[in-house]
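Source file final-v9.txt; content: compact mmCIF, C-alpha atoms.
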```txt
# COMPACT_ATOMS: atom_id res chain seq x y z
CA MET A 1 103.03 -25.52 -2.91
CA TRP A 2 106.12 -27.02 -4.48
CA ARG A 3 107.97 -25.29 -7.26
CA LEU A 4 111.05 -25.78 -9.37
CA THR A 5 114.08 -24.23 -7.68
CA PRO A 6 114.86 -20.92 -9.41
CA GLY A 7 117.85 -21.30 -11.74
CA GLN A 8 117.02 -24.85 -12.80
CA ALA A 9 116.31 -25.24 -16.52
CA LEU A 10 115.78 -29.03 -16.54
CA ALA A 11 118.13 -29.80 -19.41
CA SER A 12 117.57 -33.52 -19.82
CA HIS A 13 117.62 -36.60 -21.99
CA GLY A 14 115.25 -39.50 -21.65
CA TRP A 15 115.54 -43.06 -22.92
CA ASP A 16 113.45 -46.12 -22.15
CA GLY A 17 111.75 -44.58 -19.14
CA GLU A 18 114.94 -43.30 -17.50
CA TYR A 19 116.14 -39.72 -17.55
CA VAL A 20 119.42 -37.94 -17.04
CA LEU A 21 119.14 -34.38 -15.85
CA TYR A 22 121.66 -31.56 -15.59
CA ASN A 23 121.50 -29.68 -12.29
CA ASP A 24 122.21 -26.05 -13.15
CA LEU A 25 122.94 -25.13 -9.55
CA SER A 26 125.34 -27.92 -8.55
CA GLY A 27 126.68 -28.99 -11.97
CA ASP A 28 125.80 -32.58 -11.07
CA THR A 29 124.07 -35.03 -13.37
CA HIS A 30 121.21 -37.09 -11.95
CA LEU A 31 119.63 -40.32 -13.11
CA LEU A 32 115.88 -40.07 -12.55
CA THR A 33 112.89 -42.35 -12.84
CA GLY A 34 110.02 -41.39 -15.10
CA MET A 35 107.88 -40.48 -12.11
CA ALA A 36 110.49 -38.13 -10.63
CA PHE A 37 110.90 -36.47 -13.99
CA ARG A 38 107.13 -36.02 -14.38
CA ILE A 39 107.02 -34.25 -11.02
CA LEU A 40 109.75 -31.88 -12.14
CA ARG A 41 107.96 -31.07 -15.38
CA GLN A 42 104.74 -30.48 -13.50
CA VAL A 43 106.23 -28.07 -10.95
CA GLN A 44 108.11 -26.35 -13.76
CA ALA A 45 104.80 -25.71 -15.52
CA SER A 46 103.22 -24.39 -12.32
CA PRO A 47 103.73 -24.68 -8.55
CA SER A 48 101.71 -27.61 -7.26
CA THR A 49 100.54 -29.25 -4.07
CA ILE A 50 101.15 -32.91 -3.28
CA VAL A 51 97.49 -33.63 -4.02
CA MET A 52 97.73 -31.94 -7.42
CA LEU A 53 100.92 -33.84 -8.25
CA ALA A 54 99.41 -37.14 -7.17
CA GLN A 55 96.48 -36.56 -9.51
CA SER A 56 98.49 -35.38 -12.50
CA CYS A 57 101.19 -38.04 -12.15
CA GLY A 58 98.85 -40.91 -11.29
CA ALA A 59 100.67 -41.81 -8.06
CA ASP A 60 99.72 -41.96 -4.42
CA GLU A 61 100.49 -39.01 -2.20
CA GLY A 62 103.01 -40.92 -0.09
CA GLU A 63 105.12 -41.70 -3.14
CA ILE A 64 104.95 -38.10 -4.30
CA GLU A 65 105.93 -36.82 -0.88
CA SER A 66 108.92 -39.17 -0.76
CA LEU A 67 110.10 -38.18 -4.24
CA LEU A 68 109.73 -34.49 -3.46
CA ALA A 69 111.92 -34.94 -0.41
CA ASP A 70 114.59 -36.56 -2.59
CA LEU A 71 114.33 -33.84 -5.23
CA GLU A 72 114.51 -31.15 -2.55
CA LEU A 73 117.78 -32.63 -1.26
CA LEU A 74 119.17 -32.24 -4.77
CA ALA A 75 118.02 -28.60 -4.86
CA LEU A 76 115.75 -29.36 -7.79
CA VAL A 77 112.50 -28.36 -6.07
CA GLU A 78 111.62 -26.21 -3.07
CA TYR A 79 108.59 -25.66 -0.91
CA CYS A 80 107.08 -22.22 -1.05
CA PRO A 81 104.37 -21.22 1.39
CA CYS A 82 102.41 -19.35 -1.25
CA MET B 1 155.17 -31.91 -46.36
CA LEU B 2 158.21 -32.90 -44.35
CA THR B 3 157.92 -35.51 -41.66
CA LEU B 4 160.15 -36.45 -38.75
CA SER B 5 161.64 -39.25 -40.83
CA SER B 6 163.16 -36.64 -43.14
CA LEU B 7 165.50 -35.56 -40.33
CA SER B 8 168.80 -37.30 -39.81
CA PRO B 9 169.33 -38.66 -36.29
CA ALA B 10 171.80 -35.84 -35.69
CA GLU B 11 169.41 -33.14 -36.94
CA LEU B 12 166.55 -34.50 -34.82
CA ARG B 13 168.72 -34.42 -31.70
CA HIS B 14 170.04 -30.97 -32.60
CA ARG B 15 166.52 -29.56 -32.83
CA MET B 16 165.60 -31.18 -29.53
CA SER B 17 168.54 -29.58 -27.83
CA ILE B 18 168.12 -26.04 -29.24
CA ASP B 19 164.67 -24.65 -30.17
CA GLY B 20 162.72 -27.84 -29.64
CA LEU B 21 161.43 -30.40 -32.11
CA ARG B 22 158.03 -29.24 -33.37
CA PHE B 23 155.56 -31.61 -34.96
CA GLN B 24 151.85 -32.07 -35.54
CA THR B 25 149.96 -34.72 -33.61
CA GLY B 26 146.39 -34.62 -34.86
CA ALA B 27 144.85 -31.31 -33.84
CA PHE B 28 147.86 -30.17 -31.84
CA VAL B 29 151.41 -29.02 -32.36
CA ALA B 30 153.90 -30.24 -29.77
CA CYS B 31 157.35 -28.83 -29.15
CA VAL B 32 159.71 -31.24 -27.41
CA THR B 33 163.01 -30.34 -25.85
CA SER B 34 165.24 -32.91 -24.21
CA PRO B 35 168.88 -33.92 -24.08
CA ILE B 36 167.93 -37.46 -23.03
CA SER B 37 168.61 -40.00 -25.75
CA HIS B 38 165.66 -42.24 -24.83
CA VAL B 39 163.25 -39.49 -25.89
CA ALA B 40 164.96 -38.95 -29.23
CA ASP B 41 165.16 -42.70 -29.81
CA GLY B 42 161.44 -43.16 -29.19
CA LEU B 43 160.44 -40.24 -31.41
CA GLU B 44 162.72 -41.47 -34.16
CA ARG B 45 161.27 -44.97 -33.98
CA LEU B 46 157.56 -44.18 -33.63
CA TYR B 47 156.93 -40.65 -34.90
CA GLY B 48 158.60 -40.81 -38.30
CA ASP B 49 155.32 -40.18 -40.19
CA TYR B 50 154.31 -37.06 -38.24
CA PRO B 51 154.45 -33.70 -40.03
CA LEU B 52 157.22 -31.39 -38.91
CA ARG B 53 156.46 -27.81 -37.97
CA ASP B 54 159.01 -25.05 -38.02
CA LYS B 55 159.99 -22.62 -35.32
CA HIS B 56 157.57 -19.92 -36.50
CA ASP B 57 154.51 -22.16 -36.22
CA PHE B 58 152.09 -21.91 -33.31
CA VAL B 59 152.74 -24.47 -30.60
CA ASP B 60 149.95 -25.87 -28.41
CA PHE B 61 152.13 -27.70 -25.91
CA TYR B 62 155.75 -27.24 -24.88
CA LEU B 63 157.22 -30.34 -23.29
CA ASN B 64 160.64 -30.24 -21.73
CA LEU B 65 162.04 -33.51 -20.45
CA VAL B 66 164.99 -32.56 -18.36
CA PRO B 67 167.51 -34.52 -16.32
CA VAL B 68 167.17 -34.23 -12.57
CA GLY B 69 170.16 -32.34 -11.17
CA GLY B 70 172.41 -32.91 -8.18
CA LEU B 71 173.72 -36.39 -7.44
CA ARG B 72 171.09 -37.82 -9.75
CA ARG B 73 173.19 -36.72 -12.70
CA TRP B 74 175.55 -39.60 -11.91
CA PHE B 75 173.66 -42.04 -9.68
CA LYS B 76 170.62 -43.71 -11.29
CA PRO B 77 169.85 -40.65 -13.43
CA GLN B 78 166.27 -39.47 -13.59
CA VAL B 79 164.08 -37.46 -15.95
CA GLN B 80 161.53 -34.83 -15.03
CA PHE B 81 158.74 -33.28 -17.08
CA ASP B 82 158.82 -29.50 -17.11
CA HIS B 83 155.84 -27.66 -18.58
CA ASP B 84 155.99 -23.88 -18.50
CA GLY B 85 157.84 -24.10 -15.20
CA LEU B 86 155.44 -26.63 -13.69
CA ARG B 87 156.75 -30.08 -12.75
CA PRO B 88 153.57 -32.07 -12.22
CA PHE B 89 155.05 -35.59 -12.24
CA GLN B 90 157.44 -37.44 -9.97
CA PRO B 91 160.85 -37.99 -11.63
CA LEU B 92 161.42 -41.34 -13.31
CA PRO B 93 164.51 -43.30 -14.36
CA HIS B 94 166.03 -42.19 -17.67
CA ASP B 95 164.93 -45.30 -19.52
CA GLN B 96 161.30 -44.28 -18.90
CA ALA B 97 161.82 -40.87 -20.50
CA PHE B 98 159.94 -41.69 -23.69
CA SER B 99 156.98 -43.09 -21.73
CA MET B 100 157.06 -39.92 -19.68
CA PHE B 101 156.85 -37.89 -22.89
CA GLU B 102 153.73 -39.83 -23.90
CA TRP B 103 152.11 -39.40 -20.49
CA ALA B 104 153.06 -35.74 -20.43
CA LEU B 105 151.48 -35.06 -23.81
CA ASN B 106 148.31 -36.85 -22.67
CA TRP B 107 148.36 -34.71 -19.54
CA CYS B 108 148.62 -31.54 -21.61
CA VAL B 109 145.76 -32.50 -23.91
CA SER B 110 143.44 -33.77 -21.19
CA GLY B 111 144.05 -30.71 -19.05
CA ARG B 112 143.88 -28.00 -21.70
CA ALA B 113 141.93 -28.96 -24.82
CA HIS B 114 138.51 -27.96 -23.58
CA SER B 115 136.99 -27.22 -26.96
CA TYR B 116 136.55 -31.01 -26.94
CA LEU B 117 134.77 -33.44 -24.68
CA ILE B 118 137.76 -35.63 -23.77
CA ILE B 119 136.90 -39.23 -22.97
CA HIS B 120 139.42 -41.69 -21.57
CA ALA B 121 138.91 -44.11 -24.43
CA ALA B 122 140.52 -45.65 -27.46
CA VAL B 123 138.81 -44.84 -30.74
CA VAL B 124 139.08 -46.45 -34.15
CA GLU B 125 137.27 -45.81 -37.41
CA LYS B 126 135.98 -47.74 -40.38
CA ASN B 127 133.80 -46.48 -43.25
CA GLY B 128 133.61 -43.04 -41.66
CA ARG B 129 132.15 -44.26 -38.36
CA ALA B 130 134.06 -44.33 -35.12
CA ALA B 131 133.99 -47.04 -32.45
CA ILE B 132 134.76 -45.53 -29.06
CA LEU B 133 136.18 -47.90 -26.41
CA PRO B 134 136.09 -46.33 -22.94
CA ALA B 135 137.53 -48.51 -20.23
CA PRO B 136 139.57 -48.48 -17.07
CA PRO B 137 143.17 -49.77 -17.05
CA GLY B 138 143.35 -53.55 -17.22
CA SER B 139 140.25 -53.96 -19.37
CA GLY B 140 142.23 -54.79 -22.49
CA LYS B 141 141.29 -51.55 -24.24
CA SER B 142 144.70 -50.86 -25.76
CA THR B 143 145.26 -54.48 -26.75
CA LEU B 144 141.92 -54.57 -28.52
CA CYS B 145 142.65 -51.21 -30.12
CA ALA B 146 146.00 -52.48 -31.40
CA ALA B 147 144.38 -55.62 -32.78
CA LEU B 148 141.70 -53.64 -34.62
CA VAL B 149 144.26 -51.24 -36.04
CA SER B 150 146.37 -54.15 -37.26
CA ARG B 151 143.29 -55.45 -39.12
CA GLY B 152 142.56 -52.27 -41.04
CA TRP B 153 140.69 -50.01 -38.64
CA ARG B 154 142.01 -46.47 -38.63
CA LEU B 155 143.56 -45.36 -35.35
CA LEU B 156 142.07 -42.12 -34.09
CA SER B 157 143.48 -42.47 -30.58
CA ASP B 158 144.51 -45.11 -28.08
CA GLU B 159 143.93 -43.00 -25.01
CA LEU B 160 142.02 -39.75 -25.55
CA THR B 161 138.83 -39.60 -27.57
CA LEU B 162 138.21 -36.00 -28.61
CA ILE B 163 134.58 -35.09 -29.33
CA ARG B 164 134.37 -31.64 -30.87
CA ILE B 165 131.85 -29.65 -28.87
CA GLN B 166 130.56 -27.63 -31.81
CA ASP B 167 129.46 -30.54 -33.99
CA GLY B 168 129.99 -33.83 -32.15
CA GLN B 169 132.60 -35.12 -34.59
CA VAL B 170 135.45 -37.32 -33.38
CA VAL B 171 138.71 -35.49 -34.01
CA PRO B 172 141.71 -37.80 -34.50
CA SER B 173 144.74 -37.64 -32.29
CA PRO B 174 146.62 -40.75 -33.43
CA ARG B 175 149.62 -41.52 -31.29
CA PRO B 176 151.58 -44.66 -30.39
CA ILE B 177 149.52 -47.33 -28.62
CA SER B 178 150.69 -48.07 -25.09
CA LEU B 179 150.90 -51.79 -24.38
CA LYS B 180 151.81 -53.53 -21.16
CA ASN B 181 153.34 -56.81 -20.11
CA GLY B 182 151.88 -59.85 -21.96
CA SER B 183 150.06 -57.63 -24.46
CA ILE B 184 153.36 -56.62 -26.06
CA GLU B 185 154.21 -60.17 -27.09
CA LEU B 186 150.57 -60.92 -27.89
CA ILE B 187 150.32 -58.08 -30.40
CA GLY B 188 153.79 -58.90 -31.73
CA ARG B 189 152.47 -62.37 -32.60
CA TYR B 190 149.06 -61.11 -33.77
CA ALA B 191 150.53 -58.49 -36.09
CA PRO B 192 154.01 -59.56 -37.21
CA GLY B 193 156.08 -56.64 -38.42
CA THR B 194 154.60 -54.22 -35.89
CA VAL B 195 157.19 -51.69 -34.74
CA PHE B 196 157.48 -51.15 -30.99
CA SER B 197 159.52 -48.86 -28.83
CA ARG B 198 162.15 -50.61 -26.77
CA PRO B 199 160.27 -52.29 -23.88
CA VAL B 200 160.94 -50.71 -20.52
CA ALA B 201 160.70 -52.98 -17.48
CA ASP B 202 159.94 -52.14 -13.85
CA THR B 203 157.67 -49.18 -14.46
CA ALA B 204 154.68 -48.55 -12.17
CA LYS B 205 152.62 -50.42 -14.78
CA GLY B 206 155.07 -53.27 -15.29
CA THR B 207 156.82 -53.60 -18.65
CA ILE B 208 155.70 -51.01 -21.19
CA ALA B 209 156.21 -50.65 -24.92
CA HIS B 210 154.55 -48.36 -27.44
CA MET B 211 153.35 -49.51 -30.83
CA ARG B 212 154.03 -47.33 -33.86
CA PRO B 213 150.76 -46.04 -35.34
CA PRO B 214 150.03 -46.95 -38.97
CA ALA B 215 151.28 -44.35 -41.43
CA ASP B 216 147.82 -44.11 -43.00
CA SER B 217 146.27 -43.16 -39.63
CA VAL B 218 148.85 -40.42 -39.15
CA ARG B 219 148.45 -39.17 -42.73
CA ARG B 220 144.64 -38.92 -42.28
CA ALA B 221 144.81 -37.25 -38.89
CA GLN B 222 142.81 -34.25 -40.10
CA GLU B 223 139.85 -36.42 -41.21
CA THR B 224 137.16 -36.41 -38.55
CA ALA B 225 134.70 -39.27 -38.06
CA GLN B 226 131.07 -39.62 -37.09
CA PRO B 227 130.55 -41.44 -33.77
CA GLY B 228 129.05 -44.82 -34.55
CA TRP B 229 129.37 -47.09 -31.55
CA ILE B 230 130.43 -46.93 -27.93
CA VAL B 231 131.74 -50.26 -26.71
CA PHE B 232 132.88 -50.83 -23.13
CA PRO B 233 135.36 -53.69 -23.54
CA ARG B 234 136.36 -56.17 -20.86
CA TYR B 235 138.82 -58.98 -21.27
CA VAL B 236 137.53 -62.15 -19.59
CA ALA B 237 139.77 -65.21 -19.79
CA ASN B 238 138.28 -68.04 -21.87
CA ALA B 239 135.03 -66.14 -22.46
CA ALA B 240 133.12 -66.28 -25.73
CA PRO B 241 132.56 -62.81 -27.18
CA ALA B 242 129.38 -61.21 -25.84
CA LEU B 243 128.01 -57.88 -27.00
CA ILE B 244 125.23 -56.67 -24.73
CA PRO B 245 123.25 -53.48 -25.44
CA LEU B 246 123.50 -50.98 -22.62
CA PRO B 247 120.55 -48.81 -21.49
CA ARG B 248 121.29 -45.32 -22.74
CA ALA B 249 120.73 -43.39 -19.54
CA ARG B 250 123.14 -45.74 -17.72
CA ALA B 251 125.59 -45.45 -20.59
CA PHE B 252 125.40 -41.67 -20.30
CA LEU B 253 126.67 -41.86 -16.73
CA LYS B 254 129.46 -44.29 -17.64
CA ILE B 255 130.64 -42.01 -20.41
CA ALA B 256 130.52 -38.97 -18.14
CA GLU B 257 132.58 -40.87 -15.55
CA ASN B 258 135.19 -41.61 -18.20
CA ALA B 259 135.41 -38.02 -19.47
CA PHE B 260 138.27 -35.93 -18.12
CA ASN B 261 136.49 -32.61 -18.50
CA TYR B 262 132.78 -33.45 -18.24
CA SER B 263 132.27 -31.43 -15.05
CA LEU B 264 134.44 -28.59 -16.24
CA LEU B 265 132.38 -28.20 -19.41
CA GLY B 266 129.15 -27.91 -17.39
CA ALA B 267 125.98 -27.73 -19.48
CA ALA B 268 128.01 -27.98 -22.70
CA GLY B 269 129.44 -31.28 -21.49
CA PHE B 270 125.97 -32.55 -20.64
CA LYS B 271 124.78 -31.69 -24.13
CA ALA B 272 127.85 -33.23 -25.77
CA VAL B 273 127.43 -36.55 -23.94
CA GLY B 274 123.69 -36.54 -24.63
CA ASP B 275 124.22 -35.95 -28.33
CA LEU B 276 126.88 -38.69 -28.37
CA VAL B 277 124.55 -41.19 -26.70
CA GLU B 278 121.79 -40.29 -29.18
CA ALA B 279 124.11 -40.79 -32.13
CA THR B 280 125.58 -44.17 -31.21
CA ASP B 281 124.75 -47.78 -30.48
CA ILE B 282 126.16 -48.67 -27.06
CA PHE B 283 127.30 -52.01 -25.70
CA ASP B 284 129.14 -53.81 -22.96
CA PHE B 285 131.54 -56.23 -24.63
CA SER B 286 133.41 -59.13 -23.06
CA TYR B 287 135.91 -61.19 -25.01
CA SER B 288 139.00 -63.33 -24.70
CA ALA B 289 140.29 -64.08 -28.23
CA LEU B 290 141.35 -61.14 -30.37
CA ASP B 291 140.17 -62.77 -33.61
CA ASP B 292 136.68 -63.18 -32.13
CA ALA B 293 136.67 -59.58 -30.96
CA VAL B 294 137.77 -58.25 -34.34
CA ALA B 295 135.03 -60.32 -36.02
CA VAL B 296 132.41 -58.72 -33.78
CA PHE B 297 133.64 -55.26 -34.71
CA GLU B 298 133.59 -56.17 -38.40
CA GLN B 299 129.95 -57.19 -37.99
CA LEU B 300 129.22 -53.92 -36.25
CA ALA B 301 130.75 -52.04 -39.14
CA GLY B 302 128.53 -53.96 -41.52
CA LEU B 303 131.35 -55.73 -43.25
CA GLY B 304 130.42 -59.30 -42.35
CA ALA B 305 132.41 -61.59 -40.12
```
Reformat the file's structure so that it appears as structure tokens.
Amino acid sequence: MWRLTPGQALASHGWDGEYVLYNDLSGDTHLLTGMAFRILRQVQASPSTIVMLAQSCGADEGEIESLLADLELLALVEYCPC
Amino acid sequence: MLTLSSLSPAELRHRMSIDGLRFQTGAFVACVTSPISHVADGLERLYGDYPLRDKHDFVDFYLNLVPVGGLRRWFKPQVQFDHDGLRPFQPLPHDQAFSMFEWALNWCVSGRAHSYLIIHAAVVEKNGRAAILPAPPGSGKSTLCAALVSRGWRLLSDELTLIRIQDGQVVPSPRPISLKNGSIELIGRYAPGTVFSRPVADTAKGTIAHMRPPADSVRRAQETAQPGWIVFPRYVANAAPALIPLPRARAFLKIAENAFNYSLLGAAGFKAVGDLVEATDIFDFSYSALDDAVAVFEQLAGLGA
């Protein structure tokens, strides 16, 4: 299951399908696609598997897996073996 | 209210040599001490409309511009900026002492005034709405700012746009406009009668002169403005004026890059930039002729070309 990294609040602004997000842990600001932002909102609502995210976000599992890897590098999400 | 122009040249220099000359620059009170005549000359020429403060008033920034000692007292004398015992700048020749004062005051504000989001940008106002012009050196920001000011826009700042964190208002900090090289003569022709400091050649930026801010802008320095537009200007030789809307998320990042204290403010800075982007129309703007550029800004302000 993937979950939002504890400490992240997802302060964000979105315009025209692009999002800027404040990273509470690093202090960085990230520019995200709509799909990446949907993943974050989903795992914030509840920890999710790649299959669940693919269904809720309307994307294929490969794309979700790739985006999760990117978001994990930014310390926005983490894998929890729960 | 007394202004610097009410002081005789002798009184101004006396204050600068004893307790310091204290005056209001927008939201801040500066106290300047220096025995170097170039500093007094520049203040006398460009700061005449600024309100004086007396020695019992609170001071935000103490700026001491002191001669470098040793052999430098006699051989190519130099000036150094001393701020509470810190000497953050390299010494410069005496004739750059007034420019050093300007840079030093900018350094104080950009490094200390963290109740504001501080953007490296010129900002001018018309009809209560502010046009913010963030840009790197060489983009023509100050030249465009000087042209707009000479055509009736109120100067809020040439260098540091202060966005008040608590309510997003632009807080004026009108100071002399720094012009370089060909821009000095250009603005002299564009706005005859403009008062400049004495041009100083051979600085790190070439020849520099500062333009005296309009008295009305200084008098209204306590009047805040609502952010209206963010325009990233770029001078392009022989180009027709082109105003291109900028995607807001991309604009957010450009503004954050141009803010001195965005990272320091953390989540408050993120919110301040977000609110600013929400409140404004944002453009990239390329231009060559000042008249064309001013006409575009007049259209933005809803005044017709």
Kindly determine which residues of chain B lie within 9 Å of chain A, considering only C-alpha atoms, and give the answer as a ChimeraX atom specification. /B:247-250,252-253,256,263-264,266-267,270-271,274
Once you have the residues from the selection above, write them out as a short mmCIF file (atom, residue, chain, number, x, y, z; two decimals), in the frame of the given file, restricted to C-alpha atoms.
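Result file is result_17.cif:
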```cif
data_model
loop_
_atom_site.label_atom_id
_atom_site.label_comp_id
_atom_site.auth_asym_id
_atom_site.auth_seq_id
_atom_site.Cartn_x
_atom_site.Cartn_y
_atom_site.Cartn_z
CA PRO B 247 120.55 -48.81 -21.49
CA ARG B 248 121.29 -45.32 -22.74
CA ALA B 249 120.73 -43.39 -19.54
CA ARG B 250 123.14 -45.74 -17.72
CA PHE B 252 125.40 -41.67 -20.30
CA LEU B 253 126.67 -41.86 -16.73
CA ALA B 256 130.52 -38.97 -18.14
CA SER B 263 132.27 -31.43 -15.05
CA LEU B 264 134.44 -28.59 -16.24
CA GLY B 266 129.15 -27.91 -17.39
CA ALA B 267 125.98 -27.73 -19.48
CA PHE B 270 125.97 -32.55 -20.64
CA LYS B 271 124.78 -31.69 -24.13
CA GLY B 274 123.69 -36.54 -24.63
#
```
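Nearest to Phe260 in chain B of all the residues B:Asn106, B:Asn181, B:Ser5, B:Gln166 is B:Asn106, counting all atoms listed in the file.
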Two-atom distance - CA of Val231 in chain B, CA of Ala131 in chain B (Å):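 CA of Val231 in chain B sits 7.0 Å away from CA of Ala131 in chain B.
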Separation of CA of Val200 in chain B and CA of Trp107 in chain B, in Å?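 Computing it gives 20.4 Å between the two atoms.
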Kindly compute an axis-aligned box around the listed atoms of range 51-67 of chain B, allowing 8 Å on each side, and express its centre and edge lengths in Å to one decimal as AutoDock Vina command-line options.
```
--center_x 158.7 --center_y -27.2 --center_z -28.2 --size_x 33.6 --size_y 30.6 --size_z 39.7
```
What are the nearest atom pairs, with distances in Å to one decimal, for all residues of range 31-113 of chain B that come at most 9 Å from range 215-219 of chain B, using all atoms listed in the file, set out by chain and rising residue number as a tab-separated table?
```
residue	atom	partner	partner_atom	distance
B:Gly48	CA	B:Ala215	CA	8.7
B:Asp49	CA	B:Ala215	CA	5.9
B:Tyr50	CA	B:Val218	CA	6.5
B:Pro51	CA	B:Arg219	CA	8.6
```
Using Å and a single decimal, report how far CA of Leu52 in chain B sits from CA of Val29 in chain B. 9.1 Å
Is there a way to get, as a PDB file with C-alpha atoms, in the coordinates of the input, all residues within 6 Å of the point (147.1, -54.9, -28.6) in file coordinates, counting all atoms listed in the file?
```pdb
ATOM      1  CA  SER B 142     144.700 -50.860 -25.760  1.00  0.00           C
ATOM      2  CA  THR B 143     145.260 -54.480 -26.750  1.00  0.00           C
ATOM      3  CA  LEU B 144     141.920 -54.570 -28.520  1.00  0.00           C
ATOM      4  CA  CYS B 145     142.650 -51.210 -30.120  1.00  0.00           C
ATOM      5  CA  ALA B 146     146.000 -52.480 -31.400  1.00  0.00           C
ATOM      6  CA  ALA B 147     144.380 -55.620 -32.780  1.00  0.00           C
ATOM      7  CA  SER B 183     150.060 -57.630 -24.460  1.00  0.00           C
ATOM      8  CA  ILE B 187     150.320 -58.080 -30.400  1.00  0.00           C
TER       9      ILE B 187
END
```
As an MDAnalysis selection string, please: the residues near Gly20 in chain B (cut-off 10 Å, all atoms listed in the file, same-chain neighbours under 5 positions excluded). chainID B and resid 12:15 30:34 54:55 62:64
Residue nearest Val109 in chain B among B:Val68, B:Leu162, B:Ala268, B:Ala293 (counting all atoms listed in the file):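 Ranking B:Val68, B:Leu162, B:Ala268, B:Ala293 by distance to Val109 in chain B, first place goes to B:Leu162.
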So which residues touch Leu25 in chain A within 12 Å, counting all atoms listed in the file, skipping near sequence neighbours fewer than 5 positions away, as a VMD selection string? (chain A and resid 4 to 11 74 to 77) or (chain B and resid 266 to 267)
Quick one: of A:Gln42, A:Ala36, A:Ser48, A:Cys80, who's nearest to Glu63 in chain A, counting only C-alpha atoms?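 Among A:Gln42, A:Ala36, A:Ser48, A:Cys80, it is A:Ala36 that comes nearest to Glu63 in chain A.
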For Ser66 in chain A, list every protein, DNA or RNA residue within 12 Å, evaluated using all atoms listed in the file, and leave out those in the same chain fewer than 5 positions away; present the list as a VMD selection string. chain A and resid 35 to 36 39 50 54 59 to 61 71 to 73
Do you know which residues are at most 10 Å from Phe232 in chain B counting only C-alpha atoms, after dropping those on the same chain fewer than 3 positions away, and could you put them as number ranges by chain? B: 121, 132-136, 139, 141, 229, 243-244, 246, 251, 254-255, 282-286
Grab range 254-300 of chain B from that structure and dump C-alpha atoms to a file, as a short mmCIF file (atom, residue, chain, number, x, y, z; two decimals), in the first residue's frame.
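Final output, decode32.cif:
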```cif
data_model
loop_
_atom_site.label_atom_id
_atom_site.label_comp_id
_atom_site.auth_asym_id
_atom_site.auth_seq_id
_atom_site.Cartn_x
_atom_site.Cartn_y
_atom_site.Cartn_z
CA LYS B 254 9.10 32.35 -11.76
CA ILE B 255 7.85 34.61 -9.00
CA ALA B 256 9.23 32.30 -6.31
CA GLU B 257 12.61 32.31 -8.09
CA ASN B 258 12.61 36.11 -8.03
CA ALA B 259 11.68 36.38 -4.34
CA PHE B 260 14.55 36.96 -1.93
CA ASN B 261 12.87 35.30 1.04
CA TYR B 262 10.48 32.76 -0.50
CA SER B 263 12.28 29.75 1.01
CA LEU B 264 12.83 31.47 4.32
CA LEU B 265 9.11 32.19 4.68
CA GLY B 266 8.25 28.51 4.14
CA ALA B 267 4.53 27.75 3.98
CA ALA B 268 3.69 31.43 4.48
CA GLY B 269 5.72 32.27 1.38
CA PHE B 270 3.94 29.56 -0.60
CA LYS B 271 0.58 31.00 0.42
CA ALA B 272 1.66 34.57 -0.32
CA VAL B 273 2.83 33.71 -3.85
CA GLY B 274 -0.29 31.63 -4.45
CA ASP B 275 -2.57 34.45 -3.36
CA LEU B 276 -0.59 36.88 -5.53
CA VAL B 277 -0.93 34.64 -8.59
CA GLU B 278 -4.67 34.28 -7.94
CA ALA B 279 -5.10 38.04 -7.66
CA THR B 280 -3.25 39.11 -10.80
CA ASP B 281 -3.14 38.81 -14.56
CA ILE B 282 0.32 37.58 -15.56
CA PHE B 283 2.25 38.12 -18.76
CA ASP B 284 5.57 37.85 -20.50
CA PHE B 285 6.20 41.17 -22.22
CA SER B 286 8.77 41.98 -24.90
CA TYR B 287 9.24 45.48 -26.22
CA SER B 288 11.75 47.84 -27.78
CA ALA B 289 10.20 51.34 -27.87
CA LEU B 290 9.28 52.94 -24.55
CA ASP B 291 6.24 54.73 -25.99
CA ASP B 292 4.84 51.39 -27.20
CA ALA B 293 5.49 49.81 -23.83
CA VAL B 294 3.81 52.63 -21.94
CA ALA B 295 0.79 52.37 -24.26
CA VAL B 296 0.45 48.67 -23.45
CA PHE B 297 0.49 49.43 -19.73
CA GLU B 298 -2.11 52.15 -20.20
CA GLN B 299 -4.34 49.59 -21.92
CA LEU B 300 -3.78 47.19 -19.06
#
```
